[in-house]
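> Input structure: work-v3.cif, which contains mmCIF, C-alpha atoms.
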```cif
data_final
loop_
_atom_site.label_atom_id
_atom_site.label_comp_id
_atom_site.auth_asym_id
_atom_site.auth_seq_id
_atom_site.Cartn_x
_atom_site.Cartn_y
_atom_site.Cartn_z
CA MET A 1 -6.31 -12.69 -4.31
CA PRO A 2 -6.68 -9.05 -4.83
CA LEU A 3 -6.00 -7.01 -1.74
CA ALA A 4 -7.98 -3.81 -2.13
CA ARG A 5 -7.21 -0.53 -0.38
CA ILE A 6 -10.11 1.87 -0.72
CA ASP A 7 -9.78 5.45 0.52
CA PHE A 8 -12.24 8.33 0.49
CA ARG A 9 -13.21 11.44 2.43
CA LYS A 10 -15.40 11.31 5.54
CA GLY A 11 -19.04 12.30 5.29
CA LYS A 12 -20.57 9.27 3.61
CA PRO A 13 -23.14 6.92 5.12
CA SER A 14 -21.54 4.35 7.41
CA ASP A 15 -22.06 1.50 4.95
CA PHE A 16 -20.73 3.41 1.94
CA GLY A 17 -17.25 1.93 2.02
CA ARG A 18 -18.58 -1.58 2.36
CA LYS A 19 -20.87 -1.03 -0.63
CA VAL A 20 -17.98 0.31 -2.70
CA GLY A 21 -16.00 -2.75 -1.72
CA GLU A 22 -18.80 -5.08 -2.77
CA ILE A 23 -18.97 -3.45 -6.19
CA VAL A 24 -15.19 -3.58 -6.60
CA TYR A 25 -15.29 -7.27 -5.72
CA ARG A 26 -18.26 -8.08 -7.94
CA THR A 27 -16.71 -6.25 -10.91
CA MET A 28 -13.43 -8.12 -10.47
CA VAL A 29 -15.31 -11.42 -10.52
CA GLU A 30 -17.26 -10.43 -13.62
CA ILE A 31 -14.51 -8.85 -15.69
CA ILE A 32 -11.03 -9.94 -14.65
CA ASN A 33 -11.54 -13.54 -13.58
CA VAL A 34 -11.19 -13.09 -9.85
CA PRO A 35 -12.63 -16.16 -8.10
CA GLU A 36 -15.88 -16.01 -6.19
CA LYS A 37 -15.43 -15.33 -2.45
CA ASP A 38 -11.96 -13.84 -3.00
CA ILE A 39 -12.51 -10.63 -1.04
CA PHE A 40 -9.90 -8.91 1.13
CA GLN A 41 -10.22 -5.17 1.59
CA VAL A 42 -8.95 -2.35 3.77
CA ILE A 43 -11.31 0.61 3.68
CA ALA A 44 -10.42 3.95 5.25
CA GLU A 45 -12.15 7.30 5.58
CA HIS A 46 -10.08 10.46 5.80
CA ASP A 47 -10.56 14.06 6.74
CA ALA A 48 -9.55 16.75 4.28
CA ASP A 49 -5.91 16.65 5.33
CA GLY A 50 -5.71 12.90 4.86
CA LEU A 51 -6.76 12.50 1.25
CA ILE A 52 -5.33 14.92 -1.29
CA TYR A 53 -6.35 14.84 -4.93
CA SER A 54 -5.94 16.95 -8.01
CA PRO A 55 -9.21 18.70 -8.91
CA ASP A 56 -8.34 18.74 -12.60
CA TYR A 57 -5.42 16.49 -13.62
CA LEU A 58 -5.91 15.42 -17.26
CA ASP A 59 -8.85 17.85 -17.38
CA ILE A 60 -10.99 15.53 -15.29
CA GLU A 61 -13.01 17.46 -12.71
CA ARG A 62 -12.75 15.70 -9.37
CA THR A 63 -14.62 16.57 -6.19
CA ASP A 64 -14.42 15.70 -2.50
CA ASP A 65 -16.37 12.56 -3.42
CA VAL A 66 -13.25 11.11 -5.04
CA ILE A 67 -12.49 7.45 -4.26
CA PHE A 68 -9.01 5.96 -4.50
CA ILE A 69 -9.07 2.24 -5.30
CA GLN A 70 -5.68 0.52 -5.20
CA LEU A 71 -5.71 -3.19 -5.97
CA THR A 72 -2.80 -5.56 -5.49
CA LEU A 73 -3.41 -8.61 -7.68
CA SER A 74 -1.58 -11.34 -9.56
CA ARG A 75 0.18 -10.44 -12.76
CA GLY A 76 -1.17 -11.57 -16.10
CA ARG A 77 -4.22 -9.57 -17.17
CA SER A 78 -4.02 -8.03 -20.64
CA VAL A 79 -4.24 -4.31 -21.28
CA GLU A 80 -7.65 -4.86 -22.86
CA LEU A 81 -8.93 -6.67 -19.78
CA LYS A 82 -7.70 -3.92 -17.49
CA GLN A 83 -9.43 -1.34 -19.69
CA ALA A 84 -12.67 -3.33 -19.57
CA PHE A 85 -12.36 -3.51 -15.81
CA TYR A 86 -11.93 0.25 -15.34
CA LYS A 87 -14.91 0.91 -17.59
CA ALA A 88 -17.16 -1.59 -15.83
CA LEU A 89 -16.12 -0.45 -12.37
CA ALA A 90 -16.86 3.18 -13.15
CA GLU A 91 -20.23 2.23 -14.61
CA ASN A 92 -21.13 -0.02 -11.69
CA LEU A 93 -20.16 2.50 -9.03
CA ASN A 94 -22.08 5.18 -10.84
CA GLN A 95 -25.23 3.10 -11.24
CA ALA A 96 -25.28 1.58 -7.77
CA LEU A 97 -23.99 4.43 -5.64
CA ASN A 98 -24.25 7.46 -7.89
CA VAL A 99 -20.49 8.06 -7.76
CA ARG A 100 -19.41 10.46 -10.51
CA PRO A 101 -17.16 8.61 -13.00
CA GLU A 102 -14.69 11.49 -12.76
CA ASP A 103 -14.24 10.74 -9.06
CA ILE A 104 -13.06 7.15 -9.50
CA PHE A 105 -9.27 6.77 -9.31
CA ILE A 106 -7.94 3.23 -9.85
CA ASN A 107 -4.43 1.82 -9.58
CA LEU A 108 -3.28 -1.78 -10.00
CA VAL A 109 -0.14 -3.27 -8.42
CA GLU A 110 0.78 -6.64 -9.91
CA VAL A 111 2.67 -9.40 -8.12
CA GLU A 112 3.68 -13.00 -8.75
CA LYS A 113 1.36 -15.89 -7.96
CA GLU A 114 3.61 -17.17 -5.19
CA ASN A 115 3.31 -13.85 -3.35
CA TRP A 116 0.07 -14.80 -1.62
CA SER A 117 -0.79 -16.86 1.43
CA PHE A 118 -4.51 -16.96 2.22
CA GLY A 119 -4.09 -18.74 5.52
CA ASN A 120 -2.42 -21.70 7.18
CA GLY A 121 1.04 -20.53 6.10
CA ILE A 122 0.61 -22.00 2.62
CA ALA A 123 1.16 -20.35 -0.77
CA GLN A 124 -2.11 -21.63 -2.19
CA TYR A 125 -1.45 -20.50 -5.77
CA VAL A 126 1.81 -22.46 -6.04
CA LEU A 127 0.99 -25.83 -7.61
CA MET B 1 14.05 -2.93 3.71
CA PRO B 2 10.68 -4.47 4.00
CA LEU B 3 7.95 -1.96 4.62
CA ALA B 4 5.19 -3.84 6.41
CA ARG B 5 1.54 -2.83 6.49
CA ILE B 6 -0.34 -4.78 9.12
CA ASP B 7 -4.12 -4.46 9.41
CA PHE B 8 -6.58 -6.10 11.79
CA ARG B 9 -9.88 -5.50 13.55
CA LYS B 10 -10.14 -3.47 16.74
CA GLY B 11 -10.57 -5.24 20.05
CA LYS B 12 -7.07 -6.54 20.70
CA PRO B 13 -4.81 -5.51 23.57
CA SER B 14 -3.03 -2.24 22.87
CA ASP B 15 0.32 -3.92 22.31
CA PHE B 16 -1.04 -6.63 20.00
CA GLY B 17 -0.07 -4.92 16.75
CA ARG B 18 3.42 -4.21 17.98
CA LYS B 19 3.84 -7.85 18.98
CA VAL B 20 2.62 -9.02 15.58
CA GLY B 21 5.11 -6.64 14.00
CA GLU B 22 7.96 -8.01 16.09
CA ILE B 23 7.15 -11.54 15.01
CA VAL B 24 6.89 -10.51 11.36
CA TYR B 25 10.27 -8.83 11.65
CA ARG B 26 11.92 -11.68 13.51
CA THR B 27 10.60 -14.26 11.03
CA MET B 28 11.90 -12.21 8.09
CA VAL B 29 15.35 -12.10 9.68
CA GLU B 30 15.32 -15.83 10.34
CA ILE B 31 13.88 -17.08 7.08
CA ILE B 32 14.27 -14.61 4.21
CA ASN B 33 17.58 -12.94 4.95
CA VAL B 34 16.29 -9.58 6.08
CA PRO B 35 19.05 -7.75 7.96
CA GLU B 36 18.90 -7.24 11.70
CA LYS B 37 17.37 -3.89 12.72
CA ASP B 38 15.59 -3.52 9.39
CA ILE B 39 12.15 -2.78 10.77
CA PHE B 40 9.66 -0.31 9.25
CA GLN B 41 5.98 -0.96 9.85
CA VAL B 42 2.61 0.74 9.61
CA ILE B 43 0.07 -0.93 11.87
CA ALA B 44 -3.62 -0.06 11.76
CA GLU B 45 -6.71 -1.23 13.62
CA HIS B 46 -10.08 -1.09 11.91
CA ASP B 47 -13.70 -1.32 12.84
CA ALA B 48 -15.91 -3.85 11.07
CA ASP B 49 -16.50 -1.56 8.09
CA GLY B 50 -12.79 -0.97 7.62
CA LEU B 51 -11.49 -4.48 7.19
CA ILE B 52 -13.45 -6.85 4.98
CA TYR B 53 -12.43 -10.47 4.53
CA SER B 54 -13.84 -13.62 3.05
CA PRO B 55 -14.91 -16.06 5.78
CA ASP B 56 -14.27 -19.05 3.56
CA TYR B 57 -12.25 -18.35 0.39
CA LEU B 58 -10.35 -21.51 -0.59
CA ASP B 59 -12.27 -23.31 2.17
CA ILE B 60 -10.21 -21.63 4.87
CA GLU B 61 -12.38 -20.53 7.78
CA ARG B 62 -11.47 -17.00 8.76
CA THR B 63 -12.75 -15.03 11.74
CA ASP B 64 -12.75 -11.44 12.93
CA ASP B 65 -9.26 -12.17 14.26
CA VAL B 66 -7.91 -12.13 10.71
CA ILE B 67 -4.64 -10.24 10.17
CA PHE B 68 -3.61 -8.80 6.81
CA ILE B 69 0.19 -8.60 6.43
CA GLN B 70 1.39 -6.85 3.27
CA LEU B 71 5.14 -6.62 2.86
CA THR B 72 6.96 -4.53 0.28
CA LEU B 73 10.47 -5.95 -0.11
CA SER B 74 13.29 -6.27 -2.60
CA ARG B 75 12.89 -8.75 -5.43
CA GLY B 76 14.88 -11.94 -5.49
CA ARG B 77 13.58 -14.52 -3.03
CA SER B 78 12.83 -17.95 -4.49
CA VAL B 79 9.41 -19.53 -4.40
CA GLU B 80 10.73 -22.05 -1.87
CA LEU B 81 11.96 -19.29 0.42
CA LYS B 82 8.65 -17.50 0.27
CA GLN B 83 6.85 -20.74 1.13
CA ALA B 84 9.16 -21.31 4.07
CA PHE B 85 8.48 -17.77 5.23
CA TYR B 86 4.68 -18.14 5.15
CA LYS B 87 4.92 -21.40 7.06
CA ALA B 88 7.24 -20.00 9.73
CA LEU B 89 5.25 -16.81 10.12
CA ALA B 90 2.00 -18.71 10.65
CA GLU B 91 3.68 -20.99 13.17
CA ASN B 92 5.34 -18.13 15.03
CA LEU B 93 2.17 -16.02 15.24
CA ASN B 94 0.24 -19.03 16.43
CA GLN B 95 2.76 -20.00 19.09
CA ALA B 96 3.46 -16.51 20.43
CA LEU B 97 0.07 -14.85 20.15
CA ASN B 98 -2.34 -17.73 19.64
CA VAL B 99 -3.41 -16.42 16.24
CA ARG B 100 -5.27 -19.09 14.28
CA PRO B 101 -3.23 -20.04 11.17
CA GLU B 102 -6.41 -19.67 9.10
CA ASP B 103 -6.53 -16.01 10.07
CA ILE B 104 -3.13 -15.05 8.68
CA PHE B 105 -3.29 -13.42 5.25
CA ILE B 106 0.07 -12.53 3.69
CA ASN B 107 0.92 -10.66 0.50
CA LEU B 108 4.35 -9.71 -0.87
CA VAL B 109 5.05 -6.78 -3.21
CA GLU B 110 8.51 -6.93 -4.75
CA VAL B 111 10.55 -3.95 -5.91
CA GLU B 112 14.03 -3.22 -7.23
CA LYS B 113 16.95 -2.62 -4.89
CA GLU B 114 17.28 0.99 -5.95
CA ASN B 115 13.70 1.69 -4.85
CA TRP B 116 14.66 2.32 -1.23
CA SER B 117 16.08 5.26 0.65
CA PHE B 118 16.52 4.64 4.39
CA GLY B 119 17.44 8.21 5.21
CA ASN B 120 19.72 11.06 4.17
CA GLY B 121 18.36 11.04 0.61
CA ILE B 122 20.60 8.13 -0.38
CA ALA B 123 19.68 4.86 -2.12
CA GLN B 124 21.67 2.74 0.31
CA TYR B 125 21.27 -0.52 -1.64
CA VAL B 126 22.83 0.92 -4.82
CA LEU B 127 26.52 0.07 -4.79
CA MET C 1 0.19 9.15 -11.64
CA PRO C 2 2.06 8.58 -8.49
CA LEU C 3 -0.15 7.51 -5.65
CA ALA C 4 1.64 8.59 -2.48
CA ARG C 5 1.10 7.08 0.95
CA ILE C 6 2.66 9.27 3.62
CA ASP C 7 2.77 8.08 7.24
CA PHE C 8 4.15 9.74 10.37
CA ARG C 9 3.62 9.96 14.11
CA LYS C 10 0.99 12.23 15.65
CA GLY C 11 2.03 15.48 17.24
CA LYS C 12 2.69 17.67 14.23
CA PRO C 13 0.78 20.81 13.26
CA SER C 14 -2.47 19.99 11.47
CA ASP C 15 -1.16 21.13 8.10
CA PHE C 16 2.14 19.25 8.37
CA GLY C 17 1.06 16.25 6.29
CA ARG C 18 -0.33 18.43 3.57
CA LYS C 19 2.92 20.40 3.43
CA VAL C 20 4.95 17.21 3.21
CA GLY C 21 2.67 16.09 0.39
CA GLU C 22 3.17 19.34 -1.48
CA ILE C 23 6.92 18.97 -1.29
CA VAL C 24 6.76 15.34 -2.40
CA TYR C 25 4.63 16.40 -5.36
CA ARG C 26 6.78 19.39 -6.27
CA THR C 27 9.98 17.33 -6.10
CA MET C 28 8.47 14.65 -8.34
CA VAL C 29 7.57 17.28 -10.92
CA GLU C 30 11.04 18.82 -10.79
CA ILE C 31 13.16 15.69 -10.76
CA ILE C 32 11.35 12.63 -12.10
CA ASN C 33 9.13 14.07 -14.82
CA VAL C 34 5.81 13.76 -13.06
CA PRO C 35 3.27 15.99 -14.82
CA GLU C 36 1.98 19.17 -13.24
CA LYS C 37 -1.31 18.68 -11.30
CA ASP C 38 -0.70 14.95 -10.92
CA ILE C 39 -1.26 14.75 -7.18
CA PHE C 40 -2.98 11.86 -5.39
CA GLN C 41 -2.02 11.25 -1.78
CA VAL C 42 -3.17 9.37 1.30
CA ILE C 43 -1.71 10.91 4.44
CA ALA C 44 -2.06 9.26 7.84
CA GLU C 45 -0.92 10.10 11.36
CA HIS C 46 -0.25 7.30 13.82
CA ASP C 47 0.23 6.90 17.52
CA ALA C 48 3.35 5.16 18.77
CA ASP C 49 1.87 1.69 18.26
CA GLY C 50 0.93 2.45 14.68
CA LEU C 51 4.26 3.43 13.19
CA ILE C 52 7.28 1.33 14.07
CA TYR C 53 10.75 2.21 12.83
CA SER C 54 14.30 1.18 13.44
CA PRO C 55 16.20 3.85 15.39
CA ASP C 56 19.50 2.84 13.83
CA TYR C 57 19.25 0.56 10.77
CA LEU C 58 22.28 1.19 8.52
CA ASP C 59 23.65 3.41 11.29
CA ILE C 60 21.18 6.15 10.49
CA GLU C 61 19.75 7.69 13.65
CA ARG C 62 16.00 8.01 13.30
CA THR C 63 13.62 9.72 15.71
CA ASP C 64 9.87 9.88 16.29
CA ASP C 65 9.83 12.52 13.57
CA VAL C 66 10.39 9.82 10.96
CA ILE C 67 8.26 10.03 7.81
CA PHE C 68 7.48 7.03 5.61
CA ILE C 69 6.89 8.01 1.98
CA GLN C 70 5.74 5.17 -0.27
CA LEU C 71 5.11 6.10 -3.90
CA THR C 72 3.43 3.90 -6.48
CA LEU C 73 4.42 5.19 -9.92
CA SER C 74 4.93 4.06 -13.49
CA ARG C 75 8.00 2.00 -14.30
CA GLY C 76 10.82 3.47 -16.30
CA ARG C 77 12.93 5.86 -14.24
CA SER C 78 16.68 5.15 -14.23
CA VAL C 79 18.63 4.39 -11.10
CA GLU C 80 20.34 7.77 -11.43
CA LEU C 81 17.01 9.58 -11.61
CA LYS C 82 15.74 7.80 -8.52
CA GLN C 83 18.92 8.72 -6.67
CA ALA C 84 18.52 12.36 -7.69
CA PHE C 85 14.93 12.25 -6.48
CA TYR C 86 15.81 10.91 -3.03
CA LYS C 87 18.50 13.54 -2.63
CA ALA C 88 16.26 16.40 -3.71
CA LEU C 89 13.34 15.22 -1.59
CA ALA C 90 15.48 15.01 1.53
CA GLU C 91 16.91 18.45 0.86
CA ASN C 92 13.53 20.00 0.16
CA LEU C 93 11.86 18.51 3.23
CA ASN C 94 14.76 19.63 5.35
CA GLN C 95 14.78 23.18 4.02
CA ALA C 96 11.03 23.74 4.01
CA LEU C 97 9.92 21.86 7.11
CA ASN C 98 13.14 21.26 9.01
CA VAL C 99 12.76 17.49 8.77
CA ARG C 100 16.02 15.74 9.63
CA PRO C 101 17.33 13.92 6.52
CA GLU C 102 17.85 10.83 8.66
CA ASP C 103 14.10 10.72 9.30
CA ILE C 104 13.06 10.47 5.65
CA PHE C 105 12.24 6.91 4.55
CA ILE C 106 11.30 6.50 0.88
CA ASN C 107 10.07 3.47 -1.05
CA LEU C 108 9.02 3.25 -4.71
CA VAL C 109 6.63 0.66 -6.12
CA GLU C 110 6.65 0.56 -9.92
CA VAL C 111 3.76 -0.50 -12.13
CA GLU C 112 2.90 -0.59 -15.83
CA LYS C 113 1.42 2.41 -17.61
CA GLU C 114 -1.89 0.65 -18.18
CA ASN C 115 -2.34 0.16 -14.45
CA TRP C 116 -3.87 3.61 -13.92
CA SER C 117 -7.31 5.08 -14.41
CA PHE C 118 -7.60 8.72 -13.38
CA GLY C 119 -11.35 8.89 -13.78
CA ASN C 120 -14.17 8.07 -16.20
CA GLY C 121 -13.19 4.40 -16.31
CA ILE C 122 -10.47 5.06 -18.87
CA ALA C 123 -6.80 4.00 -18.81
CA GLN C 124 -5.54 7.42 -19.79
CA TYR C 125 -1.90 6.36 -20.28
CA VAL C 126 -2.78 3.70 -22.87
CA LEU C 127 -2.44 5.28 -26.30
#
```
Would you kindly transcribe this structure into structure tokens?


Amino acid sequence: MPLARIDFRKGKPSDFGRKVGEIVYRTMVEIINVPEKDIFQVIAEHDADGLIYSPDYLDIERTDDVIFIQLTLSRGRSVELKQAFYKALAENLNQALNVRPEDIFINLVEVEKENWSFGNGIAQYVL
Amino acid sequence: MPLARIDFRKGKPSDFGRKVGEIVYRTMVEIINVPEKDIFQVIAEHDADGLIYSPDYLDIERTDDVIFIQLTLSRGRSVELKQAFYKALAENLNQALNVRPEDIFINLVEVEKENWSFGNGIAQYVL
Amino acid sequence: MPLARIDFRKGKPSDFGRKVGEIVYRTMVEIINVPEKDIFQVIAEHDADGLIYSPDYLDIERTDDVIFIQLTLSRGRSVELKQAFYKALAENLNQALNVRPEDIFINLVEVEKENWSFGNGIAQYVL
């Protein structure tokens, strides 16, 4: 269900975005009850003019290695679950890909369950 | 009002995205009461690393011909209307462009009526 | 907090997108209480097949200079504040970059405060 949009600056190895996506997916499965195999992601690299970030908003020091992760997902996770997800995702990206935790920007957009069709013109989450 | 983001893999004819967009627009007009001429779309092609999809989530067999269609639109359509829209969109894309119904991924993001300005710095839907 | 996605047709000076982004940011700070330094933007140029717009929806004459500005931000601004923002943004883009007000398309997507992590795996807006 989540549709992920992942954006970062050019200059990474060619499989970097895919690896970030795998970790985003795996962390969603582990922490916020996303089903196995539910992976739909748009991953884009940008030159310097295409991805603009604050180097110090909230006194967090960001670099050109910043990654924007915007996830559209169904409504209903608690604040505590979202917090656990951010924490786990930052840890997992840091451990697996050496991304600085300061460089991980995450935003969630929540929608109703009937707002998804995964194929065949059917709203699969409507019972 | 809807802002459509349409994403698919490279390798299609150059006018493929535009044709998909026309069918998305036409189906919105026919099924979910979108006004005539209300067409605003961002269409992007991706290489294999830029668009990641599950080949079998919910036992639907997807291929590299998968199309992600994410529509931001005003809140207020019923579940039944959304279901009718998914069904019609899959049928129309299949009939016009031979897209497999399994390869059509749709997501709706709903916003308030005052969240749109169509030009001139005015919120045209606020009465 | 706002994550801005800014899309327009190719053919502008290389710093055009960045300048548009600066004006979007500055106007958010001035009108809708976005904090200083809170700037996160994805800016993309498109060829003619990648950005489709209505040339006359709502009798507003748009041209290939159209700019789509989609902002994801926290819920809670009043209708009046949003209206003031659209007006100021159109004026500022027109004055600074000579963008026709008719060519400025704006959409807001609102989310909860806990839907943001600005780094370090923390939901900074959760108290």

> Identify every residue of chain A that has at least one atom within 7 Å of any atom of chain B, counting all atoms listed in the file, and report the result as number ranges by chain.

A: 18, 37-44, 111, 114-123

> Lay chain C over chain A using all C-alpha atoms, matched one to one in order, with a least-squares fit; then write it out as an mmCIF file with C-alpha atoms, in the frame of the given file.


```cif
data_model
loop_
_atom_site.group_PDB
_atom_site.id
_atom_site.type_symbol
_atom_site.label_atom_id
_atom_site.label_comp_id
_atom_site.auth_asym_id
_atom_site.auth_seq_id
_atom_site.Cartn_x
_atom_site.Cartn_y
_atom_site.Cartn_z
ATOM 1 C CA MET C 1 -6.315 -12.689 -4.291
ATOM 2 C CA PRO C 2 -6.700 -9.042 -4.832
ATOM 3 C CA LEU C 3 -6.004 -7.024 -1.744
ATOM 4 C CA ALA C 4 -7.978 -3.804 -2.143
ATOM 5 C CA ARG C 5 -7.203 -0.541 -0.387
ATOM 6 C CA ILE C 6 -10.110 1.866 -0.724
ATOM 7 C CA ASP C 7 -9.770 5.455 0.517
ATOM 8 C CA PHE C 8 -12.243 8.343 0.502
ATOM 9 C CA ARG C 9 -13.210 11.451 2.431
ATOM 10 C CA LYS C 10 -15.402 11.307 5.531
ATOM 11 C CA GLY C 11 -19.029 12.289 5.299
ATOM 12 C CA LYS C 12 -20.570 9.274 3.618
ATOM 13 C CA PRO C 13 -23.145 6.918 5.124
ATOM 14 C CA SER C 14 -21.537 4.342 7.409
ATOM 15 C CA ASP C 15 -22.067 1.505 4.951
ATOM 16 C CA PHE C 16 -20.737 3.417 1.940
ATOM 17 C CA GLY C 17 -17.238 1.918 2.030
ATOM 18 C CA ARG C 18 -18.567 -1.576 2.352
ATOM 19 C CA LYS C 19 -20.863 -1.023 -0.630
ATOM 20 C CA VAL C 20 -17.993 0.321 -2.704
ATOM 21 C CA GLY C 21 -15.994 -2.752 -1.720
ATOM 22 C CA GLU C 22 -18.790 -5.070 -2.779
ATOM 23 C CA ILE C 23 -18.960 -3.448 -6.181
ATOM 24 C CA VAL C 24 -15.185 -3.585 -6.591
ATOM 25 C CA TYR C 25 -15.282 -7.279 -5.720
ATOM 26 C CA ARG C 26 -18.252 -8.073 -7.943
ATOM 27 C CA THR C 27 -16.712 -6.241 -10.907
ATOM 28 C CA MET C 28 -13.432 -8.120 -10.469
ATOM 29 C CA VAL C 29 -15.291 -11.426 -10.530
ATOM 30 C CA GLU C 30 -17.258 -10.442 -13.627
ATOM 31 C CA ILE C 31 -14.513 -8.856 -15.687
ATOM 32 C CA ILE C 32 -11.025 -9.941 -14.641
ATOM 33 C CA ASN C 33 -11.531 -13.549 -13.581
ATOM 34 C CA VAL C 34 -11.188 -13.094 -9.853
ATOM 35 C CA PRO C 35 -12.628 -16.156 -8.101
ATOM 36 C CA GLU C 36 -15.883 -16.009 -6.189
ATOM 37 C CA LYS C 37 -15.410 -15.336 -2.427
ATOM 38 C CA ASP C 38 -11.966 -13.831 -2.981
ATOM 39 C CA ILE C 39 -12.523 -10.628 -1.040
ATOM 40 C CA PHE C 40 -9.900 -8.914 1.127
ATOM 41 C CA GLN C 41 -10.229 -5.174 1.601
ATOM 42 C CA VAL C 42 -8.940 -2.352 3.773
ATOM 43 C CA ILE C 43 -11.309 0.605 3.684
ATOM 44 C CA ALA C 44 -10.417 3.946 5.248
ATOM 45 C CA GLU C 45 -12.151 7.305 5.574
ATOM 46 C CA HIS C 46 -10.073 10.462 5.795
ATOM 47 C CA ASP C 47 -10.562 14.057 6.754
ATOM 48 C CA ALA C 48 -9.559 16.748 4.289
ATOM 49 C CA ASP C 49 -5.900 16.631 5.333
ATOM 50 C CA GLY C 50 -5.726 12.887 4.857
ATOM 51 C CA LEU C 51 -6.777 12.508 1.249
ATOM 52 C CA ILE C 52 -5.331 14.922 -1.279
ATOM 53 C CA TYR C 53 -6.359 14.844 -4.924
ATOM 54 C CA SER C 54 -5.958 16.937 -8.005
ATOM 55 C CA PRO C 55 -9.214 18.699 -8.915
ATOM 56 C CA ASP C 56 -8.322 18.750 -12.595
ATOM 57 C CA TYR C 57 -5.412 16.490 -13.620
ATOM 58 C CA LEU C 58 -5.919 15.409 -17.255
ATOM 59 C CA ASP C 59 -8.852 17.830 -17.378
ATOM 60 C CA ILE C 60 -11.005 15.525 -15.304
ATOM 61 C CA GLU C 61 -13.004 17.453 -12.718
ATOM 62 C CA ARG C 62 -12.751 15.700 -9.378
ATOM 63 C CA THR C 63 -14.626 16.569 -6.196
ATOM 64 C CA ASP C 64 -14.422 15.691 -2.507
ATOM 65 C CA ASP C 65 -16.371 12.568 -3.414
ATOM 66 C CA VAL C 66 -13.259 11.112 -5.029
ATOM 67 C CA ILE C 67 -12.492 7.461 -4.261
ATOM 68 C CA PHE C 68 -9.007 5.963 -4.494
ATOM 69 C CA ILE C 69 -9.079 2.245 -5.303
ATOM 70 C CA GLN C 70 -5.689 0.528 -5.207
ATOM 71 C CA LEU C 71 -5.708 -3.192 -5.981
ATOM 72 C CA THR C 72 -2.795 -5.559 -5.498
ATOM 73 C CA LEU C 73 -3.414 -8.613 -7.682
ATOM 74 C CA SER C 74 -1.601 -11.346 -9.561
ATOM 75 C CA ARG C 75 0.171 -10.441 -12.780
ATOM 76 C CA GLY C 76 -1.176 -11.586 -16.095
ATOM 77 C CA ARG C 77 -4.214 -9.577 -17.167
ATOM 78 C CA SER C 78 -4.015 -8.031 -20.650
ATOM 79 C CA VAL C 79 -4.222 -4.325 -21.280
ATOM 80 C CA GLU C 80 -7.639 -4.856 -22.861
ATOM 81 C CA LEU C 81 -8.918 -6.681 -19.790
ATOM 82 C CA LYS C 82 -7.712 -3.918 -17.500
ATOM 83 C CA GLN C 83 -9.421 -1.339 -19.693
ATOM 84 C CA ALA C 84 -12.664 -3.319 -19.581
ATOM 85 C CA PHE C 85 -12.359 -3.506 -15.808
ATOM 86 C CA TYR C 86 -11.936 0.247 -15.349
ATOM 87 C CA LYS C 87 -14.916 0.915 -17.582
ATOM 88 C CA ALA C 88 -17.153 -1.588 -15.823
ATOM 89 C CA LEU C 89 -16.100 -0.445 -12.360
ATOM 90 C CA ALA C 90 -16.861 3.182 -13.148
ATOM 91 C CA GLU C 91 -20.225 2.230 -14.599
ATOM 92 C CA ASN C 92 -21.131 -0.014 -11.690
ATOM 93 C CA LEU C 93 -20.150 2.512 -9.028
ATOM 94 C CA ASN C 94 -22.075 5.181 -10.852
ATOM 95 C CA GLN C 95 -25.217 3.098 -11.250
ATOM 96 C CA ALA C 96 -25.270 1.590 -7.771
ATOM 97 C CA LEU C 97 -23.991 4.444 -5.629
ATOM 98 C CA ASN C 98 -24.247 7.467 -7.896
ATOM 99 C CA VAL C 99 -20.499 8.067 -7.775
ATOM 100 C CA ARG C 100 -19.419 10.461 -10.519
ATOM 101 C CA PRO C 101 -17.145 8.605 -12.985
ATOM 102 C CA GLU C 102 -14.696 11.494 -12.759
ATOM 103 C CA ASP C 103 -14.244 10.738 -9.057
ATOM 104 C CA ILE C 104 -13.065 7.150 -9.503
ATOM 105 C CA PHE C 105 -9.274 6.766 -9.298
ATOM 106 C CA ILE C 106 -7.948 3.237 -9.850
ATOM 107 C CA ASN C 107 -4.435 1.825 -9.564
ATOM 108 C CA LEU C 108 -3.281 -1.783 -10.004
ATOM 109 C CA VAL C 109 -0.156 -3.259 -8.433
ATOM 110 C CA GLU C 110 0.774 -6.636 -9.910
ATOM 111 C CA VAL C 111 2.660 -9.397 -8.127
ATOM 112 C CA GLU C 112 3.672 -13.005 -8.753
ATOM 113 C CA LYS C 113 1.355 -15.897 -7.958
ATOM 114 C CA GLU C 114 3.611 -17.162 -5.186
ATOM 115 C CA ASN C 115 3.323 -13.854 -3.360
ATOM 116 C CA TRP C 116 0.069 -14.805 -1.619
ATOM 117 C CA SER C 117 -0.799 -16.862 1.423
ATOM 118 C CA PHE C 118 -4.507 -16.962 2.218
ATOM 119 C CA GLY C 119 -4.097 -18.722 5.533
ATOM 120 C CA ASN C 120 -2.407 -21.707 7.179
ATOM 121 C CA GLY C 121 1.039 -20.524 6.098
ATOM 122 C CA ILE C 122 0.612 -22.002 2.632
ATOM 123 C CA ALA C 123 1.148 -20.352 -0.772
ATOM 124 C CA GLN C 124 -2.107 -21.639 -2.185
ATOM 125 C CA TYR C 125 -1.446 -20.493 -5.771
ATOM 126 C CA VAL C 126 1.810 -22.463 -6.048
ATOM 127 C CA LEU C 127 0.993 -25.817 -7.617
#
```

> Measuring atom to atom with only C-alpha atoms, identify which of A:Val99, A:Leu73, A:Leu93, A:Leu127 is nearest to Glu22 (chain A).

A:Leu93

> What separation in Å, quoted to one decimal, exists between CA of Asn98 (chain C) and CA of Glu36 (chain C)?

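So the answer is 25.0 Å.
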
> In Å, with one decimal, what is the gap from CA of Ile31 (chain C) to CA of Phe16 (chain C)?

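About the pair CA of Ile31 (chain C) and CA of Phe16 (chain C): they are 22.4 Å apart.
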